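K.L.:
Below you'll find upload_9.csv; it's CSV, C-alpha atoms.
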```
chain,number,residue,atom,x,y,z
Z,26,MET,CA,32.7,77.1,140.3
Z,27,THR,CA,29.8,74.5,140.1
Z,28,THR,CA,28.6,71.7,142.2
Z,29,PRO,CA,29.5,68.1,141.2
Z,30,ALA,CA,25.8,67.2,140.9
Z,31,ALA,CA,25.0,70.1,138.5
Z,32,ALA,CA,28.1,69.2,136.5
Z,33,LYS,CA,27.0,65.6,136.3
Z,34,ALA,CA,23.5,66.5,135.1
Z,35,PHE,CA,25.0,68.8,132.4
Z,36,LEU,CA,27.6,66.2,131.2
Z,37,LEU,CA,24.9,63.4,131.2
Z,38,ALA,CA,22.8,65.4,128.7
Z,39,GLU,CA,25.8,66.1,126.5
Z,40,VAL,CA,27.0,62.5,126.4
Z,41,GLU,CA,23.5,61.2,125.7
Z,42,ALA,CA,23.3,63.5,122.7
Z,43,LEU,CA,26.5,62.2,121.1
Z,44,GLU,CA,26.2,60.8,117.6
Z,45,PRO,CA,28.5,58.1,116.1
Z,46,HIS,CA,32.1,59.3,116.0
Z,47,GLY,CA,31.2,62.3,118.1
Z,48,PHE,CA,33.0,63.2,121.3
Z,49,ILE,CA,32.9,65.6,124.2
Z,50,GLY,CA,36.2,66.7,125.7
Z,51,ILE,CA,36.3,67.8,129.4
Z,52,SER,CA,39.3,69.5,131.0
Z,53,PRO,CA,39.9,71.7,134.0
Z,54,SER,CA,40.1,75.4,133.0
Z,55,GLU,CA,43.4,75.9,134.9
Z,56,ASN,CA,44.9,72.5,133.8
Z,57,PRO,CA,44.0,71.7,130.2
Z,58,LEU,CA,46.5,68.8,130.0
Z,59,HIS,CA,44.2,66.9,132.5
Z,60,ALA,CA,41.8,66.2,129.7
Z,61,VAL,CA,39.2,63.4,129.5
Z,62,GLU,CA,37.1,62.5,126.5
Z,63,VAL,CA,33.9,60.6,126.0
Z,64,THR,CA,33.4,59.4,122.5
Z,65,CYS,CA,30.7,57.4,120.7
Z,66,VAL,CA,32.4,54.6,118.8
Z,67,PRO,CA,30.2,53.1,116.0
Z,68,LYS,CA,29.0,49.5,116.7
Z,69,THR,CA,30.8,49.3,120.1
Z,70,GLY,CA,29.2,52.2,122.0
Z,71,LEU,CA,30.7,54.7,124.5
Z,72,GLU,CA,34.3,54.9,125.4
Z,73,VAL,CA,36.1,57.1,128.0
Z,74,ARG,CA,39.6,58.1,126.9
Z,75,ILE,CA,42.6,60.0,128.2
Z,76,PRO,CA,43.9,61.4,124.9
Z,77,GLY,CA,47.4,60.7,123.7
Z,78,ARG,CA,50.0,63.5,123.8
Z,79,PRO,CA,52.4,64.5,121.0
Z,80,PRO,CA,56.1,64.0,122.0
Z,81,ALA,CA,56.6,67.8,122.6
Z,82,LEU,CA,54.1,67.7,125.5
Z,83,PRO,CA,54.9,66.3,129.0
Z,84,HIS,CA,54.1,62.6,129.3
Z,85,LEU,CA,51.5,61.4,131.8
Z,86,ASP,CA,52.8,61.1,135.3
Z,87,PRO,CA,53.6,57.4,136.1
Z,88,ARG,CA,51.2,57.7,139.1
Z,89,VAL,CA,48.4,58.7,136.8
Z,90,CYS,CA,49.2,55.7,134.5
Z,91,SER,CA,49.1,53.4,137.5
Z,92,ARG,CA,45.7,54.8,138.6
Z,93,LEU,CA,44.4,54.3,135.1
Z,94,ARG,CA,45.4,50.6,135.1
Z,95,GLU,CA,43.7,50.2,138.4
Z,96,ARG,CA,40.5,51.4,136.8
Z,97,GLN,CA,40.8,48.9,133.9
Z,98,PHE,CA,42.0,51.5,131.3
Z,99,GLU,CA,44.0,50.0,128.4
Z,100,ASN,CA,46.8,51.3,126.2
Z,101,GLU,CA,48.2,49.5,123.2
Z,102,ASP,CA,51.7,50.7,124.2
Z,103,PRO,CA,52.1,52.6,127.4
Z,104,THR,CA,55.6,53.7,126.4
Z,105,ASP,CA,54.2,55.6,123.4
Z,106,SER,CA,52.8,58.9,124.8
Z,107,ARG,CA,50.8,59.5,121.6
Z,108,LEU,CA,48.5,56.6,122.2
Z,109,PRO,CA,45.3,57.1,124.3
Z,110,TRP,CA,44.2,55.2,127.4
Z,111,SER,CA,40.6,54.0,127.0
Z,112,ARG,CA,37.9,52.0,128.6
Z,113,LYS,CA,34.5,51.0,127.3
Z,114,VAL,CA,31.4,51.9,129.4
Z,115,ALA,CA,27.9,50.6,129.3
Z,116,ASP,CA,26.0,53.9,129.2
Z,117,ALA,CA,26.1,57.6,129.6
Z,118,GLU,CA,25.6,57.4,133.4
Z,119,GLU,CA,28.7,55.2,133.8
Z,120,ALA,CA,30.7,57.4,131.4
Z,121,VAL,CA,30.0,60.6,133.3
Z,122,THR,CA,30.6,59.0,136.7
Z,123,LEU,CA,33.9,57.7,135.4
Z,124,VAL,CA,34.9,61.2,134.0
Z,125,GLN,CA,34.3,62.8,137.4
Z,126,GLU,CA,36.3,60.1,139.1
Z,127,LEU,CA,39.2,60.6,136.7
Z,128,LEU,CA,39.3,64.3,137.3
Z,129,THR,CA,39.1,64.1,141.0
Z,130,SER,CA,40.8,60.8,142.0
Z,131,VAL,CA,43.3,60.3,139.1
Z,132,PHE,CA,44.2,63.9,138.2
Z,133,GLU,CA,43.5,65.2,141.7
Z,134,GLU,CA,41.4,68.2,140.6
Z,135,LYS,CA,39.0,69.8,143.0
Z,136,PRO,CA,35.4,68.5,142.7
Z,137,ASP,CA,34.0,72.0,142.1
Z,138,ALA,CA,36.8,73.2,139.7
Z,139,ASN,CA,35.7,75.0,136.6
Z,140,VAL,CA,36.0,72.8,133.4
Z,141,ASP,CA,36.1,73.6,129.7
Z,142,ILE,CA,33.9,71.6,127.4
Z,143,ARG,CA,34.6,71.1,123.7
Z,144,HIS,CA,32.7,69.1,121.1
Z,145,GLY,CA,34.0,67.4,118.0
Z,146,SER,CA,34.0,64.3,115.7
Z,147,HIS,CA,36.5,61.6,115.1
Z,148,ARG,CA,34.9,60.8,111.7
Z,149,LEU,CA,37.7,62.3,109.7
Z,150,GLU,CA,40.3,60.6,111.8
Z,151,HIS,CA,38.5,57.3,111.3
Z,152,GLU,CA,38.5,57.8,107.5
Z,153,ALA,CA,42.1,58.9,107.6
Z,154,GLN,CA,43.2,55.7,109.4
Z,155,LYS,CA,41.6,53.6,106.6
Z,156,LYS,CA,43.4,55.7,104.0
Z,157,LEU,CA,46.6,55.2,106.0
Z,158,ALA,CA,46.2,51.5,106.0
Z,159,VAL,CA,45.9,51.5,102.2
Z,160,ALA,CA,49.0,53.8,101.9
Z,161,ARG,CA,51.0,51.5,104.2
Z,162,ARG,CA,50.3,48.5,102.0
Z,163,ARG,CA,51.5,50.3,98.9
Z,164,ILE,CA,54.6,51.6,100.7
Z,165,GLU,CA,55.6,48.2,101.9
Z,166,GLU,CA,55.4,46.8,98.4
Z,167,ILE,CA,57.5,49.6,96.9
Z,168,VAL,CA,60.2,49.7,99.6
Z,169,ALA,CA,60.5,45.9,99.6
Z,170,ASP,CA,61.3,46.1,95.9
Z,171,VAL,CA,63.8,49.0,96.5
Z,172,ILE,CA,65.9,47.0,99.0
Z,173,GLY,CA,65.1,43.5,97.8
Z,174,LYS,CA,63.4,42.3,101.0
Z,175,ALA,CA,60.7,43.1,103.4
Z,176,PRO,CA,61.6,46.3,105.3
Z,177,GLU,CA,62.2,46.4,109.0
Z,178,GLN,CA,60.1,48.7,111.2
Z,179,ASP,CA,61.2,50.9,114.1
Z,180,GLU,CA,59.3,51.5,117.3
Z,181,ALA,CA,57.0,54.0,115.7
Z,182,GLY,CA,56.1,51.5,112.9
Z,183,ASP,CA,58.0,53.5,110.3
Z,184,TYR,CA,59.9,51.6,107.6
Z,185,VAL,CA,63.7,51.5,107.9
Z,186,LEU,CA,65.7,51.2,104.6
Z,187,PRO,CA,69.4,50.7,104.4
Z,188,ILE,CA,70.4,52.5,101.2
Z,189,GLY,CA,74.2,52.2,100.8
Z,190,GLU,CA,75.6,53.7,104.1
Z,191,VAL,CA,72.5,55.7,104.8
Z,192,PHE,CA,69.5,54.5,106.8
Z,193,ILE,CA,66.2,56.0,105.5
Z,194,ASN,CA,63.0,56.1,107.5
Z,195,VAL,CA,59.7,56.1,105.5
Z,196,ALA,CA,57.1,57.4,107.8
Z,197,PRO,CA,53.4,57.5,106.7
Z,198,ARG,CA,51.2,59.8,108.8
Z,199,ALA,CA,47.6,60.9,108.9
Z,200,THR,CA,46.7,64.5,109.8
Z,201,PRO,CA,43.6,65.3,111.9
Z,202,ASP,CA,41.8,66.7,108.7
Z,203,GLY,CA,42.2,63.3,106.9
Z,204,GLN,CA,45.2,64.0,104.7
Z,205,ILE,CA,47.9,61.4,104.3
Z,206,ILE,CA,51.5,62.6,104.5
Z,207,ILE,CA,54.6,60.4,103.8
Z,208,ARG,CA,57.8,61.6,105.4
Z,209,ILE,CA,61.1,60.3,104.0
Z,210,VAL,CA,63.9,61.2,106.5
Z,211,ALA,CA,67.5,60.3,107.4
Z,212,ILE,CA,69.8,61.4,110.2
Z,213,THR,CA,73.1,62.7,108.9
Z,214,ASN,CA,74.9,63.9,112.0
Z,215,VAL,CA,74.6,63.7,115.8
Z,216,GLY,CA,76.4,65.3,118.7
Z,217,ILE,CA,77.1,68.5,116.7
Z,218,GLU,CA,77.9,71.9,118.2
Z,219,VAL,CA,74.8,74.0,117.6
Z,220,THR,CA,75.9,77.5,116.6
Z,221,PRO,CA,74.4,80.4,114.6
Z,222,GLU,CA,76.9,79.6,111.9
Z,223,LEU,CA,75.5,76.1,111.6
Z,224,GLY,CA,71.9,77.4,111.3
Z,225,LEU,CA,72.9,80.0,108.7
Z,226,PHE,CA,74.9,77.4,106.7
Z,227,LEU,CA,71.9,74.9,106.6
Z,228,ALA,CA,69.5,77.7,105.6
Z,229,ARG,CA,71.8,78.6,102.7
Z,230,LEU,CA,72.2,75.0,101.8
Z,231,ASN,CA,68.5,74.4,101.7
Z,232,PHE,CA,68.0,77.4,99.4
Z,233,GLY,CA,70.2,75.6,96.8
Z,234,LEU,CA,68.5,72.2,97.0
Z,235,MET,CA,65.9,71.3,94.3
Z,236,PHE,CA,64.4,68.5,96.4
Z,237,GLY,CA,64.6,67.7,100.1
Z,238,ARG,CA,65.8,69.9,103.0
Z,239,PHE,CA,68.1,69.9,106.0
Z,240,ALA,CA,66.5,70.1,109.4
Z,241,LEU,CA,68.3,71.1,112.6
Z,242,ASP,CA,67.1,69.4,115.8
Z,243,ALA,CA,68.9,71.8,118.2
Z,244,PRO,CA,67.7,70.1,121.5
Z,245,HIS,CA,69.1,66.8,120.4
Z,246,ARG,CA,72.1,68.3,118.6
Z,247,SER,CA,71.4,66.4,115.3
Z,248,ILE,CA,70.9,67.1,111.6
Z,249,TRP,CA,68.4,65.4,109.4
Z,250,VAL,CA,67.5,65.4,105.7
Z,251,ASP,CA,63.9,65.0,104.8
Z,252,GLU,CA,61.3,65.1,102.0
Z,253,THR,CA,57.5,64.9,102.1
Z,254,LEU,CA,54.9,63.4,99.8
Z,255,LEU,CA,51.2,64.4,100.1
Z,256,GLY,CA,48.3,62.1,99.5
Z,257,GLU,CA,47.6,58.3,99.6
Z,258,GLN,CA,47.5,58.3,95.8
Z,259,PHE,CA,51.2,59.0,95.4
Z,260,ARG,CA,52.9,57.6,92.3
Z,261,GLU,CA,55.4,54.8,92.8
Z,262,GLU,CA,58.1,56.9,91.0
Z,263,GLU,CA,57.6,59.8,93.4
Z,264,LEU,CA,58.4,57.6,96.4
Z,265,ARG,CA,61.4,56.0,94.8
Z,266,THR,CA,62.7,59.4,93.8
Z,267,ALA,CA,62.3,60.8,97.2
Z,268,ILE,CA,64.1,57.9,98.8
Z,269,GLN,CA,67.0,58.2,96.4
Z,270,VAL,CA,67.2,62.0,96.9
Z,271,VAL,CA,67.3,61.8,100.7
Z,272,ALA,CA,69.8,58.9,100.6
Z,273,THR,CA,72.1,60.7,98.1
Z,274,THR,CA,71.9,64.1,99.9
Z,275,ALA,CA,72.7,62.5,103.3
Z,276,ASP,CA,75.6,60.5,102.0
Z,277,GLU,CA,77.0,63.6,100.2
Z,278,TRP,CA,76.9,65.9,103.2
Z,279,ASP,CA,77.3,64.0,106.4
Z,280,ASP,CA,81.1,63.9,106.4
Z,281,ARG,CA,81.4,67.5,105.3
Z,282,LEU,CA,79.1,68.6,108.1
Z,283,LYS,CA,81.2,66.7,110.6
Z,284,GLN,CA,84.3,68.4,109.4
Z,285,MET,CA,82.8,71.8,109.6
Z,286,PHE,CA,80.7,71.5,112.8
Z,287,GLY,CA,82.0,68.6,114.8
Z,288,GLY,CA,80.1,65.7,116.2
Z,289,ALA,CA,79.7,62.3,114.4
Z,290,THR,CA,78.0,60.9,111.4
Z,291,TYR,CA,75.1,58.5,111.9
Z,292,GLN,CA,77.1,55.8,110.1
Z,293,GLU,CA,79.6,56.1,113.0
Z,294,VAL,CA,76.7,55.6,115.5
Z,295,ILE,CA,75.5,52.5,113.7
Z,296,ALA,CA,79.1,51.1,113.6
Z,297,GLY,CA,79.5,51.7,117.3
Z,298,ARG,CA,82.3,54.2,116.9
Z,299,THR,CA,80.7,57.0,118.9
Z,300,ALA,CA,78.6,57.2,122.0
Z,301,ALA,CA,76.7,60.3,120.8
Z,302,PRO,CA,73.0,60.1,121.6
Z,303,VAL,CA,70.5,59.5,118.8
Z,304,PRO,CA,67.3,61.6,118.7
Z,305,THR,CA,64.0,59.8,119.2
Z,306,VAL,CA,61.8,62.5,117.6
Z,307,LYS,CA,61.6,62.8,113.8
Z,308,PRO,CA,61.3,66.1,111.9
Z,309,GLY,CA,57.7,67.3,111.6
Z,310,GLU,CA,56.4,65.6,114.7
Z,311,GLY,CA,55.1,68.9,116.1
Z,312,VAL,CA,52.2,69.5,118.5
Z,313,GLY,CA,48.9,68.3,117.2
Z,314,LEU,CA,50.1,67.8,113.6
Z,315,TYR,CA,49.5,64.1,113.2
Z,316,LEU,CA,47.0,61.6,114.7
```
In C-alpha cells, how does this file's structure come out?
P.N.:
Amino acid sequence: MTTPAAAKAFLLAEVEALEPHGFIGISPSENPLHAVEVTCVPKTGLEVRIPGRPPALPHLDPRVCSRLRERQFENEDPTDSRLPWSRKVADAEEAVTLVQELLTSVFEEKPDANVDIRHGSHRLEHEAQKKLAVARRRIEEIVADVIGKAPEQDEAGDYVLPIGEVFINVAPRATPDGQIIIRIVAITNVGIEVTPELGLFLARLNFGLMFGRFALDAPHRSIWVDETLLGEQFREEELRTAIQVVATTADEWDDRLKQMFGGATYQEVIAGRTAAPVPTVKPGEGVGLYL
C-alpha cells in the first residue's frame, strides 16, 4: 500500500520524464484491466488514455463509459471496444491528477491500492499506422479492379468483395511491432454442430490444402476460410491470387460441409433463408495481436 500523495509525487516524476511517443501505463495490481495510460504525443503534448481492448476481453462497463464522457474523454466509436478513450491535458500535474481520479472515481479502486507501472513507446505503432495507410490505398486500387467498382467496407473498415456467390473480406492490420498483415477471409458455414468429428475433418482438410486454411470458430458455431499476406510491399498478383483461392475454396466446400455437419451456408444467410447468427469476430483477432 502507498499514500495518494506519495503515489502522485512518483507518477509526476515519471510523466515529466516522458519523451515523444513514450508512455507510462498504470493499473491496479489486483485489477489489471482497470488500466490508465499517459502518453506523450508529438506536437500535441500529453494525453491520458483508457486503452482499447481486443474483442476477446470484457468490454468497458457502460457506467465507466458514462463517467468518461462526463470527464470530456473522447472515443472515435464507442461501440468498438478496440478504440481508446482519450483526453488531452495541459501538463504533467493535470495528467497525474486525472489518472488518480480515473482509478478511484471511475474504476472505483481504493486510493491506497497497489499499482503496477509499465513503460513503453508508441513509436512503432505510429510508424505502423503510416505503413497501414499506404497499404490500404494499394488494396483499394487492386480490389476495385477485381470487382469492377469501389469496394464496400464493413464496420471494422475491412473491404467486402462479392466474388461469385462468396463474400470476401480483405482486412489489413498492423501488429504492435510494426508489421503489416493482410487477412483475406470468408465465412463458409454458420449454425453448425460443433463436434470432434468436425474438428478432425477440418484438420485433415487443411493438411491437403496448398493455400489457405479452414478455421473453426466454435463459440459462434461457424467455419471460415482464410489466407494471410505479410508486409506492405506485397505484390499485386499475390493479393489477387489469395482472393481467388479463398473464394474458390469457400465456394467448393460450403455446401459439402453443410451436408456433413448441418447448419447453413453463408449464402443462405445473405439470401435471408436462415436465421442462424453471423459471427462478429474474424479469424486471427486474438488478444493483443493487432493494434
K.L.:
Taking only C-alpha atoms into account, name the residue in Z:Leu254, Z:Val303, Z:Ile295, Z:Leu127 that is nearest to Pro187 in chain Z.
P.N.:
Z:Ile295
K.L.:
Return the single residue from Z:Thr122, Z:Asn214, Z:Thr200, Z:Thr28 that is closest to Pro136 in chain Z, with distances computed using only C-alpha atoms.
P.N.:
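The shortest atom-to-atom distance to Pro136 in chain Z comes from Z:Thr28.
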K.L.:
List the residues sitting within 9 Å of (31.0, 58.2, 126.3) in the file's frame, using all atoms listed in the file, as JSON, numbers by chain.
P.N.:
{"Z": [40, 41, 43, 48, 49, 62, 63, 64, 65, 66, 70, 71, 72, 73, 74, 113, 114, 115, 116, 117, 118, 119, 120, 121]}
K.L.:
Only C-alpha atoms, please: the residues just picked out, written as a PDB file, in the coordinates of the input.
P.N.:
```pdb
ATOM      1  CA  VAL Z  40      27.000  62.500 126.400  1.00  0.00           C
ATOM      2  CA  GLU Z  41      23.500  61.200 125.700  1.00  0.00           C
ATOM      3  CA  LEU Z  43      26.500  62.200 121.100  1.00  0.00           C
ATOM      4  CA  PHE Z  48      33.000  63.200 121.300  1.00  0.00           C
ATOM      5  CA  ILE Z  49      32.900  65.600 124.200  1.00  0.00           C
ATOM      6  CA  GLU Z  62      37.100  62.500 126.500  1.00  0.00           C
ATOM      7  CA  VAL Z  63      33.900  60.600 126.000  1.00  0.00           C
ATOM      8  CA  THR Z  64      33.400  59.400 122.500  1.00  0.00           C
ATOM      9  CA  CYS Z  65      30.700  57.400 120.700  1.00  0.00           C
ATOM     10  CA  VAL Z  66      32.400  54.600 118.800  1.00  0.00           C
ATOM     11  CA  GLY Z  70      29.200  52.200 122.000  1.00  0.00           C
ATOM     12  CA  LEU Z  71      30.700  54.700 124.500  1.00  0.00           C
ATOM     13  CA  GLU Z  72      34.300  54.900 125.400  1.00  0.00           C
ATOM     14  CA  VAL Z  73      36.100  57.100 128.000  1.00  0.00           C
ATOM     15  CA  ARG Z  74      39.600  58.100 126.900  1.00  0.00           C
ATOM     16  CA  LYS Z 113      34.500  51.000 127.300  1.00  0.00           C
ATOM     17  CA  VAL Z 114      31.400  51.900 129.400  1.00  0.00           C
ATOM     18  CA  ALA Z 115      27.900  50.600 129.300  1.00  0.00           C
ATOM     19  CA  ASP Z 116      26.000  53.900 129.200  1.00  0.00           C
ATOM     20  CA  ALA Z 117      26.100  57.600 129.600  1.00  0.00           C
ATOM     21  CA  GLU Z 118      25.600  57.400 133.400  1.00  0.00           C
ATOM     22  CA  GLU Z 119      28.700  55.200 133.800  1.00  0.00           C
ATOM     23  CA  ALA Z 120      30.700  57.400 131.400  1.00  0.00           C
ATOM     24  CA  VAL Z 121      30.000  60.600 133.300  1.00  0.00           C
TER      25      VAL Z 121
END
```
K.L.:
Identify, on the basis of all atoms listed in the file, every residue whose closest approach to Glu218 in chain Z does not exceed 7 Å; exclude the query and any residue fewer than 3 positions from it along the same chain; express the result as a PyMOL selection string.
P.N.:
chain Z and resi 246+286-288
K.L.:
Between Z:Met235, Z:Asp202, Z:Val306, Z:Leu58, which one has atoms that come closest to Ser146 in chain Z, using all atoms listed in the file?
P.N.:
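Smallest separation from Ser146 in chain Z among the options: Z:Asp202.
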K.L.:
Figure out the distance between CA of Trp110 in chain Z and CA of Leu93 in chain Z, please, to one decimal in Å.
P.N.:
7.8 Å
K.L.:
Considering all atoms listed in the file, state which residue in the set Z:Arg238, Z:Arg148, Z:His46, Z:Lys174 is at the smallest distance from Lys68 in chain Z.
P.N.:
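Selected residue with least distance to Lys68 in chain Z: Z:His46.
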K.L.:
Go through Z:Ile205, Z:Leu241, Z:Ala34, Z:Leu234 and flag the residue nearest Glu152 in chain Z, using all atoms listed in the file for the distances.
P.N.:
Z:Ile205
K.L.:
If we count only C-alpha atoms and set the cut-off at 12 Å, which residues sit around Thr129 in chain Z, ignoring sequence neighbours fewer than 5 positions away in its own chain? Please answer as a PyMOL selection string.
P.N.:
chain Z and resi 29+52-53+59-61+89+92+122-124+134-138+140
K.L.:
Could you tell me, as number ranges by chain, which residues have any atom at most 10 Å from (67.4, 64.4, 112.8), counting all atoms listed in the file?
P.N.:
Z: 210-215, 239-243, 245-251, 291, 303-308
K.L.:
Enter the distance from CA of Ala81 in chain Z to CA of Leu108 in chain Z, in Å, rounded to one decimal.
P.N.:
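Going from CA of Ala81 in chain Z over to CA of Leu108 in chain Z, I get 13.8 Å.
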K.L.:
Given the choices Z:Gly233, Z:Pro176, Z:Gly189, Z:Gly145, which gets closest to Gln292 in chain Z if the distance is worked out from all atoms listed in the file?
P.N.:
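Smallest separation from Gln292 in chain Z among the options: Z:Gly189.
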